[in-house]
Structures are given as structure tokens and as C-alpha cells.
Amino acid sequence: MRILILSDVHANLEALQSVLADALVRGGFQAIWCLGDLVGYGPDPSACLALLREYDLLAVAGNHDHAAIGQIDPNQFNNAAAEAARWTATQLSPEEIAFLGSLPLIATSAPFTLVHGSLRAPVWEYLLNQESALGTLNLLETQFCLVGHSHLPFLCKENRGSPDFVDFTEDQVFSLDNERLDNERWIINPGGVGQPRDQDPRPSYAIYDSREATIERHRVVYEISTTQQKMLVAGLPQHLIDRLDHGI
């Protein structure tokens with residue numbers, strides 16, 4: 001089975017559509033795993049939710065999902081993110097609010113655990129250093145943990161209690177073979193779809209192939225200007241519009 005792994009779609013329909021099209025060209029997929037922040041920042045929350053829900057979808061909640069439905073106070077965000085969260089809340093139907101509210105904080109599909117931020121703070125913690133990685137590894141009950149939130153792709157090896165972050169490069173095929181991995185546990189971030197932050201504006205995603213026991217990471221181009229024009233019309237903050245050009 002091939003599973004498309006997405007994180008941080010952030011209501012960017014053009015980015016999402018480009019990822020889906022690219023994944024189909026690369027061999028297709030039978031299901032989608034989404035690591036949170038389906039909405040927030042971008043101009044098409046309802047359209048993105050509708051498109052994702054056309055597929056066999058397993059998703060967890062992110063902080064922007066919770067802010068859009070009133071489970072997090074937007075004032076906890078920076079000004080631009082808070083303004084976008086308040087706008088997003090006005091765009092969602094009662095049914096969409098109920099759907100986002102139904103998303104679990106953590107999901108498991110062996111040998112993977114899915115979470116937005118980390119296992120000790122599922123919607124808030126950025127997992128970016130040894131200390132935060134250890135916090136999740138201490139709670140991890142499967143061999144692999146998929147995370148998002150930072151919008152930065154990486155691989156992190158357990159490494160006998162001293163987590164080691166390594167690059168998850170474009171078009172890399174990472175083998176999940178236990179003999180090769182020596183049964184050590186790994187944390188994997190596929191990068192962001194709707195608002196990349198690794199200085200590359202192209203959406204990043206991954207595909208898990210259960211038969212081959214691999215995860216491969218890819219990037220794809222999309223019409224950024226189309227999304228930006230929609231954001232401008234919606235009155236979303238200029239900072240959020242501009243940053244899409246630079247992947248920051």
C-alpha cells in the first residue's frame with residue numbers, strides 16, 4: 001500500500017492540488033495521512049478540507065486547526081497568524097468545524113505514530129533539537145513517529161539516547177528495513193505543503209510504501225501567485241502573502 005504523507009497544508013489549495021497530482025504521477029497512493037494544520041494562513045480552508053476528505057484520510061489536529069474552531073485562543077499566536085486564524089473561523093461551516101474538532105491529537109497506524117508537534121505537547125511543541133526529540137522518544141510506542149508543525153523536513157535517529165538529526169533530502173528514498181536500522185526508532189518530518197519554511201517555496205511531501213518498506217520525499221512547483229492573489233482579495237496579512245515566495 002502506498003500512503004501520501006502531508007503536513008501543514010494551511011488552506012493552500014494550489015499547493016495541495018500540485019502535490020496530489022505529482023504523487024499520482026509517481027505511482028499513486030491509496031490513502032492520505034495528514035499531520036495537522038489542514039487550515040490556517042491560506043485562503044481556501046473549505047476547499048482544502050473537501051479535497052482531502054475525498055480520499056481515505058487519517059489526520060491529526062494542529063494548533064491552527066484548533067484556533068480556527070475556538071479550541072485555542074488566537075491571541076496566543078503572532079499578529080499575522082492570529083488575524084488569519086480569526087478569518088479562517090469565519091469561513092468554516094458547522095460541519096467543517098465539527099470535522100476539525102473530531103481530529104485526534106495522536107493517531108497510530110503501526111509501525112507509525114502520527115502527531116502534529118510532539119508526543120508531549122501534540123499541537124504546540126516544535127520538535128527541532130535533542131531535548132524535544134528525547135521528550136517524544138520517551139513516549140513513543142511504535143518504531144517511527146511522523147511529525148509536522150515546523151514545516152522543516154528532517155530525519156531524526158534515536159541513536160542510543162542521543163538523537164541525531166539528519167537531512168531528509170529531495171527525492172531521497174529512506175529504507176525502513178529493520179535489519180538496516182538495527183531496530184532503532186526514528187522521527188520523520190516530511191516538510192510543509194502550504195507554507196514551506198526551509199528557504200524553498202516548493203511544497204514538500206512524502207510517500208510511504210508498505211510493500212517496499214520505504215519513505216520517499218519529493219517537492220513540486222505550483223502557481224504561488226494564484227494563492228497570493230486569493231490571499232490579497234481575502235485581506236489576509238501581507239507578510240503571509242510575501243513569505244510564500246521565499247519559503248520562510
# chains A, B, ... in the order shown; residues from 1 in each chain; ligands from 1
>>> select_by_dssp(residues="segment 13-233 of chain A", states="helix (DSSP H, G or I)", output="count of residues only")
74
>>> residues_around(residues="Asp182 of chain A", least_positions_apart="5", cutoff="12 Å", atoms="only C-alpha atoms", output="ChimeraX atom specification")
/A:143,157-160,175-177
>>> residues_around(residues="Arg243 of chain A", least_positions_apart="6", cutoff="10 Å", atoms="only C-alpha atoms", output="ChimeraX atom specification")
/A:195-197,199,201,228
>>> write_last_selection(atoms="N, CA and C atoms", output="PDB file, in the first residue's frame")
ATOM      1  N   GLN A 195       3.018  26.045   3.310  1.00  0.00           N
ATOM      2  CA  GLN A 195       3.868  27.178   3.675  1.00  0.00           C
ATOM      3  C   GLN A 195       5.253  26.655   4.077  1.00  0.00           C
ATOM      4  N   PRO A 196       6.055  26.182   3.109  1.00  0.00           N
ATOM      5  CA  PRO A 196       7.395  25.676   3.430  1.00  0.00           C
ATOM      6  C   PRO A 196       8.247  26.744   4.113  1.00  0.00           C
ATOM      7  N   ARG A 197       9.141  26.292   4.993  1.00  0.00           N
ATOM      8  CA  ARG A 197       9.972  27.240   5.742  1.00  0.00           C
ATOM      9  C   ARG A 197      11.457  26.874   5.711  1.00  0.00           C
ATOM     10  N   GLN A 199      13.468  27.653   3.196  1.00  0.00           N
ATOM     11  CA  GLN A 199      14.023  28.525   2.164  1.00  0.00           C
ATOM     12  C   GLN A 199      13.852  27.959   0.760  1.00  0.00           C
ATOM     13  N   PRO A 201      10.381  27.478  -1.683  1.00  0.00           N
ATOM     14  CA  PRO A 201       8.933  27.686  -1.680  1.00  0.00           C
ATOM     15  C   PRO A 201       8.110  26.522  -2.210  1.00  0.00           C
ATOM     16  N   GLN A 228      -1.440  33.710  -3.752  1.00  0.00           N
ATOM     17  CA  GLN A 228      -1.191  35.047  -3.222  1.00  0.00           C
ATOM     18  C   GLN A 228      -2.303  36.019  -3.595  1.00  0.00           C
TER      19      GLN A 228
END
>>> residues_around(residues="Ser118 of chain A", least_positions_apart="5", cutoff="8 Å", atoms="only C-alpha atoms", output="compact mmCIF listing (two decimals) with N, CA and C atoms, in the first residue's frame")
# COMPACT_ATOMS: atom_id res chain seq x y z
N VAL A 123 0.09 19.70 19.92
CA VAL A 123 -0.18 20.76 18.93
C VAL A 123 0.75 21.94 19.05
N TRP A 124 1.63 21.97 20.05
CA TRP A 124 2.42 23.17 20.29
C TRP A 124 3.91 23.02 20.13
N GLU A 125 4.48 21.91 20.57
CA GLU A 125 5.95 21.84 20.64
C GLU A 125 6.58 21.66 19.26
N TYR A 126 7.59 22.48 18.99
CA TYR A 126 8.41 22.30 17.79
C TYR A 126 9.51 21.30 18.10
N LEU A 127 9.53 20.22 17.35
CA LEU A 127 10.50 19.16 17.58
C LEU A 127 11.71 19.44 16.68
N SER A 132 13.86 18.10 22.68
CA SER A 132 12.47 17.86 22.27
C SER A 132 12.33 16.48 21.64
N GLY A 135 12.07 13.96 24.38
CA GLY A 135 10.75 14.00 25.01
C GLY A 135 9.75 13.15 24.27
N THR A 136 9.82 13.15 22.94
CA THR A 136 8.92 12.32 22.15
C THR A 136 9.35 10.86 22.16
N VAL A 147 5.96 13.68 12.34
CA VAL A 147 5.61 14.97 12.92
C VAL A 147 5.60 16.05 11.84
>>> residues_around(residues="Thr227 of chain A", least_positions_apart="5", cutoff="10 Å", atoms="only C-alpha atoms", output="PyMOL selection string")
chain A and resi 11-15+42-44+194+222+232+241+244
>>> atom_distance(atom1="atom CA of Tyr205 of chain A", atom2="atom CA of Arg217 of chain A")
5.8 Å
